[in-house]
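S.K.: The structure is given below, and queries will be raised subsequently.
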Amino acid sequence: MNLKQLQYFHVLAEELHFRRAAEKLNITQSPLSIAIQNLEQELGCQLFIRTQRRVQLTEVGERLRNHASSIIEKVEFCEQDLKAVIGGKAGQLRIGFTSASSLLSPFPALIHAFRLEYPDIDVTLKEAATLVQLDAIQNRDLDVGVIRRPRQQLATAISFRKLKTDKLVVAMHGTHPLRHRDEIRIADLAGEHFIFFPRKMGVGIYDQFIELCGKRGFMPDIVQESQSTTTIVGLVAAGLGIAIVPSGLAYIQIPNVIFRDLADADAETDLLLAYRAGEENPRLVHLIRLAQSAFA
């Protein structure tokens with residue numbers, strides 16, 4: 001028994017008329033009759049009672065019609081589902097993001113817009129540091145990542161698309177002596193206590209800030225570490241030190257925390273989309289299109 005036989009049988013079972021069934025199948029009556037005879041021989045039973053005046057299903061034919069309807073429906077659904085995946089309207093998309101990027105207003109707006117436009121795509125989100133995301137993308141555990149530009153050499157197997165450039169700002173306690181300055185430079189922060197991400201997390205902005213301080217002749221005194229951006233800002237509110245964060249986070253309202261711009265031209269960080277180079281993934285194309293609008 002094969003799918004073609006079932007399709008022929010199913011149409012005849014619905015029409016109960018060889019000529020009409022053949023016309024519906026766009027074939028002549030002869031191949032239809034042969035297909036039904038072969039099917040009956042394979043099953044060892046009669047599926048139709050044929051007379052000069054009518055065609056009627058036997059008991060076994062009635063049972064087979066139910067099975068055939070279910071099978072054909074599943075095959076049609078399978079075909080439609082596969083076409084949807086191939087066309088980028090279904091399937092899955094695994095998105096990585098950094099702790100800080102999730103707090104930027106364009107990021108939740110992007111995910112919301114994507115889910116609205118492509119409700120049949122299963123979106124999985126995973127928070128991870130930049131270097132962890134890059135490894136996961138190469139190992140095919142993630143499809144795309146929202147990362148900060150790393151300082152080290154980037155793998156050629158990964159492609160990048162810039163979403164935006166953020167200026168770096170200083171998060172400080174509301175009573176900090178520098179709070180009245182119209183302009184703050186990185187060199188002004190020598191001797192300050194810093195709160196930052198652990199270096200082992202592979203956060204892109206970590207090495208960048210160490211490099212920026214080194215160019216100004218000092219190494220930052222990191223007195224407290226946290227893996228959470230919101231915790232870092234909370235520790236600033238507790239007066240434990242200052243923090244360097246992207247300007248996109250300056251909207252976070254925590255009592256006793258203020259944000260001040262850094263005047264240095266190189267005090268900026270790029271937010272990127274990272275994905276496997278040369279991979280044709282229509283779902284990713286959709287995400288890139290929406291991301292460019294969200295972060296414009």
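Lettering and numbering for the structure tokens are positional, with chains as A, B, ... in the shown order, residues counted from 1 in each chain, and ligands counted from 1 in the shown order.
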Need the shell around segment 10-18 of chain A: protein/DNA/RNA residues with any atom at most 8 Å away, counting only C-alpha atoms. Skip same-chain ones fewer than 4 positions apart. Format as number ranges by chain?
M.R.: A: 6, 22, 24-25, 29, 32-33, 54-57, 61, 65, 68-69
S.K.: I want to know what sits within 9 Å of Phe295 of chain A, based on only C-alpha atoms, with residues of the same chain fewer than 5 positions away left out; could you give that as a PDB file with N, CA and C atoms, in the first residue's frame?
M.R.:
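Dumped to part_12.pdb:
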ATOM      1  N   PRO A 106      15.167  48.743  22.763  1.00  0.00           N
ATOM      2  CA  PRO A 106      14.952  48.137  21.439  1.00  0.00           C
ATOM      3  C   PRO A 106      14.937  46.608  21.456  1.00  0.00           C
ATOM      4  N   PHE A 107      15.624  45.995  22.425  1.00  0.00           N
ATOM      5  CA  PHE A 107      15.703  44.525  22.416  1.00  0.00           C
ATOM      6  C   PHE A 107      14.348  43.875  22.678  1.00  0.00           C
ATOM      7  N   LEU A 110      12.194  44.389  19.725  1.00  0.00           N
ATOM      8  CA  LEU A 110      12.542  43.513  18.604  1.00  0.00           C
ATOM      9  C   LEU A 110      11.913  42.139  18.772  1.00  0.00           C
ATOM     10  N   LEU A 163      24.329  46.856  15.104  1.00  0.00           N
ATOM     11  CA  LEU A 163      22.997  47.360  15.401  1.00  0.00           C
ATOM     12  C   LEU A 163      23.045  48.836  15.794  1.00  0.00           C
ATOM     13  N   LYS A 164      24.014  49.166  16.662  1.00  0.00           N
ATOM     14  CA  LYS A 164      24.150  50.562  17.089  1.00  0.00           C
ATOM     15  C   LYS A 164      25.493  50.748  17.790  1.00  0.00           C
ATOM     16  N   LEU A 290      14.092  43.168  11.089  1.00  0.00           N
ATOM     17  CA  LEU A 290      13.378  43.815  12.195  1.00  0.00           C
ATOM     18  C   LEU A 290      14.343  44.489  13.158  1.00  0.00           C
TER      19      LEU A 290
END
S.K.: Could you please determine the separation between atom CA of His286 of chain A and atom CA of Ser101 of chain A in Å, to one decimal place?
M.R.: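 Value for the atom CA of His286 of chain A-atom CA of Ser101 of chain A distance: 19.5 Å.
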S.K.: Among segment 99-245 of chain A, which ones does DSSP assign to strand (DSSP E or B) (computed from the backbone)? Answer as JSON, numbers by chain.
M.R.: {"A": [121, 122, 123, 124, 125, 126, 127, 144, 145, 146, 147, 148, 158, 159, 160, 161, 162, 163, 164, 165, 166, 167, 168, 169, 170, 171, 172, 173, 184, 193, 194, 195, 196, 221, 222, 223, 224, 225, 242, 243, 244, 245]}
S.K.: Would you write out those residues with N, CA and C atoms, as a CSV table (one decimal), in the first residue's frame?
M.R.:
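Saved result, result-v1.csv, follows:
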chain,number,residue,atom,x,y,z
A,121,ILE,N,7.0,30.7,14.5
A,121,ILE,CA,8.4,30.4,14.8
A,121,ILE,C,8.7,30.3,16.3
A,122,ASP,N,9.3,29.2,16.7
A,122,ASP,CA,9.5,29.0,18.1
A,122,ASP,C,10.8,29.7,18.5
A,123,VAL,N,10.7,30.8,19.2
A,123,VAL,CA,11.8,31.6,19.6
A,123,VAL,C,12.3,31.2,21.0
A,124,THR,N,13.6,30.8,21.1
A,124,THR,CA,14.2,30.5,22.4
A,124,THR,C,15.3,31.5,22.7
A,125,LEU,N,15.2,32.1,23.9
A,125,LEU,CA,16.1,33.1,24.3
A,125,LEU,C,17.1,32.6,25.4
A,126,LYS,N,18.4,32.9,25.3
A,126,LYS,CA,19.4,32.5,26.3
A,126,LYS,C,20.3,33.6,26.6
A,127,GLU,N,20.4,34.0,27.9
A,127,GLU,CA,21.3,35.0,28.3
A,127,GLU,C,22.7,34.4,28.5
A,144,VAL,N,21.8,32.9,16.6
A,144,VAL,CA,22.2,34.3,16.5
A,144,VAL,C,22.4,34.8,17.9
A,145,GLY,N,23.3,35.8,18.0
A,145,GLY,CA,23.5,36.4,19.3
A,145,GLY,C,23.6,37.9,19.3
A,146,VAL,N,23.1,38.6,20.3
A,146,VAL,CA,23.2,40.0,20.5
A,146,VAL,C,24.4,40.3,21.4
A,147,ILE,N,25.5,40.8,20.9
A,147,ILE,CA,26.7,40.9,21.7
A,147,ILE,C,27.4,42.2,21.6
A,148,ARG,N,28.3,42.5,22.5
A,148,ARG,CA,29.2,43.6,22.4
A,148,ARG,C,30.4,43.2,21.6
A,158,ILE,N,32.2,33.4,11.9
A,158,ILE,CA,31.1,34.2,12.4
A,158,ILE,C,31.0,35.5,11.6
A,159,SER,N,29.8,35.9,11.2
A,159,SER,CA,29.5,37.1,10.6
A,159,SER,C,28.9,38.1,11.6
A,160,PHE,N,29.0,39.4,11.4
A,160,PHE,CA,28.5,40.4,12.3
A,160,PHE,C,27.8,41.5,11.6
A,161,ARG,N,26.8,42.0,12.2
A,161,ARG,CA,26.1,43.2,11.7
A,161,ARG,C,25.9,44.1,12.8
A,162,LYS,N,26.3,45.4,12.6
A,162,LYS,CA,26.2,46.4,13.7
A,162,LYS,C,24.8,46.9,13.9
A,163,LEU,N,24.3,46.9,15.1
A,163,LEU,CA,23.0,47.4,15.4
A,163,LEU,C,23.0,48.8,15.8
A,164,LYS,N,24.0,49.2,16.7
A,164,LYS,CA,24.1,50.6,17.1
A,164,LYS,C,25.5,50.7,17.8
A,165,THR,N,25.9,52.0,17.9
A,165,THR,CA,27.1,52.4,18.7
A,165,THR,C,26.6,53.1,19.9
A,166,ASP,N,27.0,52.6,21.1
A,166,ASP,CA,26.7,53.3,22.4
A,166,ASP,C,27.9,54.0,22.9
A,167,LYS,N,27.6,55.2,23.4
A,167,LYS,CA,28.7,55.9,24.2
A,167,LYS,C,28.7,55.2,25.6
A,168,LEU,N,29.9,55.2,26.2
A,168,LEU,CA,30.0,54.7,27.5
A,168,LEU,C,29.7,55.8,28.5
A,169,VAL,N,29.0,55.5,29.6
A,169,VAL,CA,28.7,56.5,30.6
A,169,VAL,C,29.2,56.0,32.0
A,170,VAL,N,29.3,56.9,32.9
A,170,VAL,CA,29.6,56.5,34.3
A,170,VAL,C,28.4,56.5,35.1
A,171,ALA,N,28.1,55.4,35.8
A,171,ALA,CA,27.1,55.3,36.8
A,171,ALA,C,27.7,55.6,38.2
A,172,MET,N,27.2,56.6,38.9
A,172,MET,CA,27.8,57.0,40.1
A,172,MET,C,26.7,57.3,41.2
A,173,HIS,N,27.1,57.3,42.4
A,173,HIS,CA,26.2,57.6,43.5
A,173,HIS,C,25.9,59.1,43.4
A,184,ILE,N,33.2,64.7,31.9
A,184,ILE,CA,34.1,63.7,32.7
A,184,ILE,C,34.8,62.9,31.7
A,193,HIS,N,37.0,53.5,42.8
A,193,HIS,CA,36.7,52.1,43.0
A,193,HIS,C,35.6,51.8,41.9
A,194,PHE,N,35.9,50.7,41.2
A,194,PHE,CA,35.0,50.3,40.1
A,194,PHE,C,34.2,49.0,40.5
A,195,ILE,N,33.0,48.9,40.0
A,195,ILE,CA,32.2,47.7,40.0
A,195,ILE,C,32.0,47.2,38.6
A,196,PHE,N,32.3,46.0,38.4
A,196,PHE,CA,32.4,45.5,37.0
A,196,PHE,C,32.0,44.0,36.9
A,221,ASP,N,40.7,50.1,39.6
A,221,ASP,CA,40.7,49.3,40.8
A,221,ASP,C,39.3,48.7,40.9
A,222,ILE,N,39.1,47.4,40.5
A,222,ILE,CA,37.8,46.8,40.6
A,222,ILE,C,37.6,46.1,41.9
A,223,VAL,N,36.7,46.7,42.7
A,223,VAL,CA,36.6,46.3,44.1
A,223,VAL,C,35.4,45.3,44.3
A,224,GLN,N,34.5,45.2,43.3
A,224,GLN,CA,33.3,44.4,43.4
A,224,GLN,C,33.0,43.9,42.0
A,225,GLU,N,32.6,42.6,41.9
A,225,GLU,CA,32.2,42.1,40.6
A,225,GLU,C,30.8,41.5,40.7
A,242,ILE,N,31.9,53.1,41.4
A,242,ILE,CA,31.3,53.6,40.2
A,242,ILE,C,31.3,52.4,39.2
A,243,ALA,N,30.5,52.6,38.1
A,243,ALA,CA,30.5,51.5,37.1
A,243,ALA,C,30.5,52.2,35.7
A,244,ILE,N,31.0,51.5,34.7
A,244,ILE,CA,31.0,52.0,33.3
A,244,ILE,C,30.0,51.1,32.6
A,245,VAL,N,29.0,51.7,32.0
A,245,VAL,CA,28.0,51.0,31.3
A,245,VAL,C,27.6,51.7,30.0
S.K.: Go ahead and compute the interatomic distance for atom CA of Asp270 of chain A and atom CA of Arg149 of chain A, in Å to one decimal.
M.R.: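 Going from atom CA of Asp270 of chain A over to atom CA of Arg149 of chain A, I get 5.6 Å.
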S.K.: Would you please work out which residue, of A:Arg20, A:Arg94, A:Arg53, A:Lys4, is nearest to Ile71 of chain A when using only C-alpha atoms?
M.R.: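 Among the listed residues, A:Lys4 lies closest to Ile71 of chain A.
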S.K.: Identify all residues of segment 4-211 of chain A in alpha helix (DSSP H) (DSSP on the backbone) and supply them as a short mmCIF file (atom, residue, chain, number, x, y, z; two decimals) with N, CA, C and O atoms, in the first residue's frame.
M.R.:
data_model
loop_
_atom_site.label_atom_id
_atom_site.label_comp_id
_atom_site.auth_asym_id
_atom_site.auth_seq_id
_atom_site.Cartn_x
_atom_site.Cartn_y
_atom_site.Cartn_z
N LYS A 4 -0.01 6.97 -3.13
CA LYS A 4 -0.77 7.21 -4.34
C LYS A 4 -2.03 6.34 -4.37
O LYS A 4 -3.12 6.82 -4.73
N GLN A 5 -1.89 5.08 -3.97
CA GLN A 5 -3.06 4.20 -3.91
C GLN A 5 -4.10 4.74 -2.93
O GLN A 5 -5.30 4.73 -3.21
N LEU A 6 -3.62 5.22 -1.78
CA LEU A 6 -4.53 5.76 -0.77
C LEU A 6 -5.25 7.00 -1.30
O LEU A 6 -6.44 7.19 -1.03
N GLN A 7 -4.53 7.85 -2.02
CA GLN A 7 -5.15 9.06 -2.58
C GLN A 7 -6.23 8.69 -3.60
O GLN A 7 -7.32 9.27 -3.60
N TYR A 8 -5.92 7.72 -4.46
CA TYR A 8 -6.92 7.27 -5.44
C TYR A 8 -8.13 6.69 -4.72
O TYR A 8 -9.28 6.99 -5.06
N PHE A 9 -7.86 5.83 -3.74
CA PHE A 9 -8.95 5.21 -2.99
C PHE A 9 -9.80 6.27 -2.30
O PHE A 9 -11.04 6.21 -2.32
N HIS A 10 -9.14 7.24 -1.68
CA HIS A 10 -9.84 8.25 -0.89
C HIS A 10 -10.78 9.08 -1.77
O HIS A 10 -11.94 9.36 -1.38
N VAL A 11 -10.33 9.48 -2.95
CA VAL A 11 -11.18 10.26 -3.84
C VAL A 11 -12.37 9.44 -4.31
O VAL A 11 -13.51 9.92 -4.34
N LEU A 12 -12.13 8.17 -4.66
CA LEU A 12 -13.23 7.30 -5.10
C LEU A 12 -14.20 7.05 -3.95
O LEU A 12 -15.43 7.00 -4.15
N ALA A 13 -13.69 6.91 -2.73
CA ALA A 13 -14.55 6.68 -1.57
C ALA A 13 -15.43 7.89 -1.30
O ALA A 13 -16.55 7.75 -0.77
N GLU A 14 -14.95 9.08 -1.65
CA GLU A 14 -15.75 10.29 -1.46
C GLU A 14 -16.77 10.47 -2.59
O GLU A 14 -17.91 10.86 -2.34
N GLU A 15 -16.35 10.17 -3.80
CA GLU A 15 -17.23 10.39 -4.95
C GLU A 15 -18.18 9.22 -5.19
O GLU A 15 -19.30 9.42 -5.66
N PHE A 18 -16.71 6.22 -10.50
CA PHE A 18 -15.40 6.11 -11.12
C PHE A 18 -15.10 7.28 -12.07
O PHE A 18 -13.99 7.80 -12.09
N ARG A 19 -16.08 7.70 -12.87
CA ARG A 19 -15.80 8.77 -13.82
C ARG A 19 -15.51 10.08 -13.11
O ARG A 19 -14.54 10.77 -13.42
N ARG A 20 -16.35 10.44 -12.14
CA ARG A 20 -16.15 11.69 -11.41
C ARG A 20 -14.84 11.66 -10.63
O ARG A 20 -14.10 12.66 -10.56
N ALA A 21 -14.53 10.49 -10.02
CA ALA A 21 -13.28 10.37 -9.27
C ALA A 21 -12.07 10.52 -10.20
O ALA A 21 -11.09 11.20 -9.86
N ALA A 22 -12.14 9.92 -11.37
CA ALA A 22 -11.04 10.01 -12.33
C ALA A 22 -10.84 11.46 -12.79
O ALA A 22 -9.72 11.94 -12.92
N GLU A 23 -11.95 12.15 -13.04
CA GLU A 23 -11.85 13.55 -13.46
C GLU A 23 -11.24 14.41 -12.36
O GLU A 23 -10.43 15.31 -12.60
N LYS A 24 -11.61 14.13 -11.12
CA LYS A 24 -11.07 14.89 -10.00
C LYS A 24 -9.58 14.63 -9.83
O LYS A 24 -8.82 15.53 -9.44
N LEU A 25 -9.15 13.41 -10.14
CA LEU A 25 -7.73 13.05 -10.06
C LEU A 25 -6.96 13.44 -11.32
O LEU A 25 -5.74 13.27 -11.38
N GLN A 29 -10.28 6.60 -16.34
CA GLN A 29 -10.85 5.60 -15.42
C GLN A 29 -9.99 4.35 -15.33
O GLN A 29 -9.95 3.69 -14.29
N SER A 30 -9.28 4.01 -16.42
CA SER A 30 -8.52 2.76 -16.44
C SER A 30 -7.46 2.69 -15.35
O SER A 30 -7.43 1.72 -14.57
N PRO A 31 -6.54 3.67 -15.21
CA PRO A 31 -5.55 3.58 -14.14
C PRO A 31 -6.15 3.63 -12.75
O PRO A 31 -5.62 3.03 -11.82
N LEU A 32 -7.31 4.30 -12.62
CA LEU A 32 -7.98 4.33 -11.33
C LEU A 32 -8.49 2.93 -10.98
O LEU A 32 -8.30 2.45 -9.85
N SER A 33 -9.14 2.26 -11.93
CA SER A 33 -9.65 0.91 -11.70
C SER A 33 -8.51 -0.06 -11.37
O SER A 33 -8.62 -0.88 -10.45
N ILE A 34 -7.40 0.07 -12.11
CA ILE A 34 -6.25 -0.82 -11.88
C ILE A 34 -5.68 -0.58 -10.48
O ILE A 34 -5.34 -1.53 -9.77
N ALA A 35 -5.57 0.69 -10.06
CA ALA A 35 -5.02 1.01 -8.74
C ALA A 35 -5.90 0.43 -7.63
O ALA A 35 -5.38 -0.12 -6.65
N ILE A 36 -7.20 0.52 -7.78
CA ILE A 36 -8.12 -0.02 -6.77
C ILE A 36 -8.06 -1.55 -6.74
O ILE A 36 -8.03 -2.16 -5.66
N GLN A 37 -7.99 -2.17 -7.92
CA GLN A 37 -7.88 -3.63 -7.98
C GLN A 37 -6.59 -4.10 -7.32
O GLN A 37 -6.58 -5.09 -6.55
N ASN A 38 -5.49 -3.41 -7.58
CA ASN A 38 -4.20 -3.79 -6.98
C ASN A 38 -4.25 -3.64 -5.46
O ASN A 38 -3.71 -4.47 -4.71
N LEU A 39 -4.90 -2.59 -5.00
CA LEU A 39 -5.01 -2.37 -3.56
C LEU A 39 -5.85 -3.46 -2.91
O LEU A 39 -5.50 -3.98 -1.84
N GLU A 40 -6.93 -3.84 -3.55
CA GLU A 40 -7.77 -4.91 -3.01
C GLU A 40 -7.02 -6.24 -2.99
O GLU A 40 -7.14 -7.02 -2.02
N GLN A 41 -6.22 -6.48 -4.01
CA GLN A 41 -5.42 -7.71 -4.04
C GLN A 41 -4.39 -7.72 -2.93
O GLN A 41 -4.16 -8.75 -2.28
N GLU A 42 -3.74 -6.58 -2.69
CA GLU A 42 -2.75 -6.50 -1.62
C GLU A 42 -3.38 -6.75 -0.25
O GLU A 42 -2.80 -7.42 0.60
N LEU A 43 -4.57 -6.18 -0.06
CA LEU A 43 -5.24 -6.32 1.24
C LEU A 43 -5.97 -7.66 1.36
O LEU A 43 -6.32 -8.08 2.47
N GLU A 59 -17.55 -2.78 4.46
CA GLU A 59 -17.19 -2.46 5.85
C GLU A 59 -15.70 -2.13 5.97
O GLU A 59 -15.31 -1.17 6.63
N VAL A 60 -14.87 -2.97 5.30
CA VAL A 60 -13.42 -2.71 5.32
C VAL A 60 -13.11 -1.39 4.61
O VAL A 60 -12.24 -0.62 5.04
N GLY A 61 -13.83 -1.13 3.52
CA GLY A 61 -13.64 0.12 2.81
C GLY A 61 -13.94 1.34 3.67
O GLY A 61 -13.23 2.35 3.60
N GLU A 62 -15.00 1.23 4.48
CA GLU A 62 -15.34 2.33 5.39
C GLU A 62 -14.21 2.58 6.38
O GLU A 62 -13.84 3.72 6.66
N ARG A 63 -13.65 1.49 6.92
CA ARG A 63 -12.54 1.64 7.88
C ARG A 63 -11.32 2.25 7.20
O ARG A 63 -10.65 3.12 7.76
N LEU A 64 -11.04 1.79 5.98
CA LEU A 64 -9.88 2.31 5.26
C LEU A 64 -10.07 3.78 4.92
O LEU A 64 -9.10 4.55 4.94
N ARG A 65 -11.31 4.19 4.62
CA ARG A 65 -11.54 5.60 4.31
C ARG A 65 -11.17 6.48 5.51
O ARG A 65 -10.56 7.54 5.34
N ASN A 66 -11.50 6.05 6.70
CA ASN A 66 -11.15 6.83 7.91
C ASN A 66 -9.64 6.94 8.07
O ASN A 66 -9.10 8.01 8.36
N HIS A 67 -8.95 5.79 7.88
CA HIS A 67 -7.49 5.80 7.98
C HIS A 67 -6.88 6.67 6.89
O HIS A 67 -5.95 7.45 7.14
N ALA A 68 -7.39 6.52 5.67
CA ALA A 68 -6.85 7.27 4.54
C ALA A 68 -7.01 8.77 4.75
O ALA A 68 -6.11 9.56 4.45
N SER A 69 -8.16 9.20 5.27
CA SER A 69 -8.41 10.62 5.52
C SER A 69 -7.37 11.17 6.49
O SER A 69 -6.81 12.25 6.28
N SER A 70 -7.12 10.41 7.56
CA SER A 70 -6.16 10.85 8.57
C SER A 70 -4.74 10.91 8.00
O SER A 70 -4.00 11.87 8.23
N ILE A 71 -4.37 9.87 7.23
CA ILE A 71 -3.02 9.81 6.66
C ILE A 71 -2.79 10.94 5.67
O ILE A 71 -1.77 11.63 5.71
N ILE A 72 -3.75 11.16 4.78
CA ILE A 72 -3.61 12.20 3.76
C ILE A 72 -3.57 13.58 4.41
O ILE A 72 -2.79 14.45 4.00
N GLU A 73 -4.37 13.77 5.45
CA GLU A 73 -4.37 15.05 6.16
C GLU A 73 -2.99 15.31 6.80
O GLU A 73 -2.47 16.42 6.75
N LYS A 74 -2.42 14.25 7.38
CA LYS A 74 -1.10 14.40 8.01
C LYS A 74 -0.02 14.68 6.97
O LYS A 74 0.89 15.48 7.20
N VAL A 75 -0.12 14.03 5.82
CA VAL A 75 0.86 14.25 4.75
C VAL A 75 0.76 15.69 4.25
O VAL A 75 1.77 16.37 4.03
N GLU A 76 -0.46 16.18 4.07
CA GLU A 76 -0.65 17.55 3.61
C GLU A 76 -0.14 18.55 4.64
O GLU A 76 0.50 19.55 4.28
N PHE A 77 -0.40 18.27 5.92
CA PHE A 77 0.11 19.16 6.98
C PHE A 77 1.63 19.15 7.00
O PHE A 77 2.27 20.20 7.15
N CYS A 78 2.20 17.95 6.83
CA CYS A 78 3.66 17.82 6.80
C CYS A 78 4.24 18.67 5.67
O CYS A 78 5.22 19.40 5.87
N GLU A 79 3.65 18.59 4.51
CA GLU A 79 4.13 19.35 3.35
C GLU A 79 4.03 20.85 3.60
O GLU A 79 4.97 21.60 3.33
N GLN A 80 2.91 21.29 4.16
CA GLN A 80 2.72 22.71 4.45
C GLN A 80 3.70 23.18 5.52
O GLN A 80 4.27 24.28 5.42
N ASP A 81 3.92 22.34 6.52
CA ASP A 81 4.83 22.70 7.61
C ASP A 81 6.26 22.83 7.10
O ASP A 81 6.98 23.78 7.44
N LEU A 82 6.68 21.88 6.26
CA LEU A 82 8.03 21.93 5.72
C LEU A 82 8.22 23.15 4.82
O LEU A 82 9.28 23.79 4.84
N LYS A 83 7.21 23.47 4.03
CA LYS A 83 7.29 24.66 3.17
C LYS A 83 7.39 25.92 4.03
O LYS A 83 8.09 26.87 3.67
N ALA A 84 6.67 25.94 5.16
CA ALA A 84 6.73 27.09 6.06
C ALA A 84 8.13 27.24 6.66
O ALA A 84 8.65 28.35 6.80
N VAL A 85 8.74 26.11 7.03
CA VAL A 85 10.10 26.14 7.58
C VAL A 85 11.08 26.61 6.52
O VAL A 85 11.94 27.48 6.76
N ILE A 86 10.97 26.05 5.31
CA ILE A 86 11.86 26.43 4.21
C ILE A 86 11.70 27.91 3.89
O ILE A 86 12.67 28.62 3.61
N PRO A 106 15.17 48.74 22.76
CA PRO A 106 14.95 48.14 21.44
C PRO A 106 14.94 46.61 21.46
O PRO A 106 14.31 46.00 20.58
N PHE A 107 15.62 46.00 22.43
CA PHE A 107 15.70 44.52 22.42
C PHE A 107 14.35 43.88 22.68
O PHE A 107 13.89 43.05 21.88
N PRO A 108 13.66 44.19 23.78
CA PRO A 108 12.33 43.60 23.95
C PRO A 108 11.36 43.99 22.84
O PRO A 108 10.49 43.21 22.47
N ALA A 109 11.54 45.21 22.29
CA ALA A 109 10.68 45.63 21.17
C ALA A 109 10.93 44.75 19.96
O ALA A 109 9.99 44.39 19.24
N LEU A 110 12.19 44.39 19.73
CA LEU A 110 12.54 43.51 18.60
C LEU A 110 11.91 42.14 18.77
O LEU A 110 11.29 41.60 17.84
N ILE A 111 12.06 41.54 19.95
CA ILE A 111 11.52 40.20 20.19
C ILE A 111 9.99 40.22 20.07
O ILE A 111 9.39 39.31 19.48
N HIS A 112 9.37 41.25 20.61
CA HIS A 112 7.91 41.35 20.54
C HIS A 112 7.45 41.46 19.09
O HIS A 112 6.50 40.78 18.66
N ALA A 113 8.13 42.30 18.31
CA ALA A 113 7.75 42.49 16.89
C ALA A 113 7.95 41.20 16.11
O ALA A 113 7.12 40.85 15.25
N PHE A 114 9.02 40.48 16.40
CA PHE A 114 9.29 39.24 15.69
C PHE A 114 8.22 38.20 15.98
O PHE A 114 7.73 37.52 15.07
N ARG A 115 7.83 38.07 17.25
CA ARG A 115 6.83 37.08 17.62
C ARG A 115 5.46 37.43 17.04
O ARG A 115 4.69 36.54 16.70
N LEU A 116 5.17 38.71 16.94
CA LEU A 116 3.90 39.13 16.34
C LEU A 116 3.85 38.81 14.85
O LEU A 116 2.84 38.34 14.33
N GLU A 117 4.96 39.08 14.15
CA GLU A 117 4.98 38.88 12.70
C GLU A 117 5.15 37.42 12.31
O GLU A 117 4.66 37.00 11.27
N THR A 130 29.28 37.58 25.84
CA THR A 130 29.66 37.66 24.42
C THR A 130 30.43 36.42 23.96
O THR A 130 30.06 35.79 22.97
N LEU A 131 31.53 36.08 24.63
CA LEU A 131 32.37 34.97 24.17
C LEU A 131 31.64 33.63 24.27
O LEU A 131 31.84 32.75 23.44
N VAL A 132 30.79 33.49 25.28
CA VAL A 132 29.99 32.26 25.42
C VAL A 132 29.03 32.14 24.23
O VAL A 132 28.85 31.05 23.67
N GLN A 133 28.43 33.26 23.85
CA GLN A 133 27.52 33.24 22.69
C GLN A 133 28.26 32.87 21.41
O GLN A 133 27.76 32.07 20.60
N LEU A 134 29.43 33.41 21.21
CA LEU A 134 30.19 33.13 19.99
C LEU A 134 30.53 31.64 19.89
O LEU A 134 30.43 31.04 18.82
N ASP A 135 30.91 31.05 21.02
CA ASP A 135 31.18 29.60 21.03
C ASP A 135 29.91 28.82 20.72
O ASP A 135 29.95 27.84 19.95
N ALA A 136 28.79 29.24 21.30
CA ALA A 136 27.53 28.53 21.10
C ALA A 136 27.07 28.64 19.65
O ALA A 136 26.51 27.69 19.09
N ILE A 137 27.32 29.78 19.01
CA ILE A 137 26.95 29.94 17.60
C ILE A 137 27.79 29.03 16.73
O ILE A 137 27.29 28.35 15.82
N GLN A 138 29.10 28.96 16.99
CA GLN A 138 29.97 28.09 16.22
C GLN A 138 29.61 26.62 16.42
O GLN A 138 29.70 25.82 15.49
N GLY A 204 32.34 41.61 26.46
CA GLY A 204 33.12 42.38 25.50
C GLY A 204 33.61 43.71 26.03
O GLY A 204 34.71 44.16 25.72
N ILE A 205 32.82 44.36 26.88
CA ILE A 205 33.15 45.70 27.34
C ILE A 205 34.27 45.68 28.38
O ILE A 205 34.92 46.70 28.62
N TYR A 206 34.52 44.52 29.00
CA TYR A 206 35.54 44.44 30.06
C TYR A 206 36.92 44.78 29.50
O TYR A 206 37.59 45.71 29.96
N ASP A 207 37.38 43.99 28.52
CA ASP A 207 38.71 44.22 27.96
C ASP A 207 38.82 45.60 27.33
O ASP A 207 39.89 46.22 27.35
N GLN A 208 37.73 46.07 26.76
CA GLN A 208 37.75 47.40 26.16
C GLN A 208 38.04 48.46 27.21
O GLN A 208 38.87 49.36 26.98
N PHE A 209 37.37 48.39 28.36
CA PHE A 209 37.58 49.41 29.38
C PHE A 209 38.98 49.32 29.99
O PHE A 209 39.61 50.34 30.27
N ILE A 210 39.48 48.09 30.19
CA ILE A 210 40.85 47.93 30.68
C ILE A 210 41.82 48.62 29.71
O ILE A 210 42.76 49.31 30.11
N GLU A 211 41.58 48.43 28.43
CA GLU A 211 42.44 49.04 27.40
C GLU A 211 42.33 50.56 27.43
O GLU A 211 43.34 51.27 27.32
#
S.K.: Determine the nearest neighbour of Val257 of chain A from the options A:Thr51, A:Gln227, A:Thr175, A:Gln292, counting only C-alpha atoms.
M.R.: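 Smallest separation from Val257 of chain A among the options: A:Thr175.
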S.K.: Give the answer as one residue: which of A:Phe259, A:Tyr275, A:Phe48, A:Phe197 has the shortest atom-to-atom distance to Gly174 of chain A, using only C-alpha atoms?
M.R.: A:Phe259
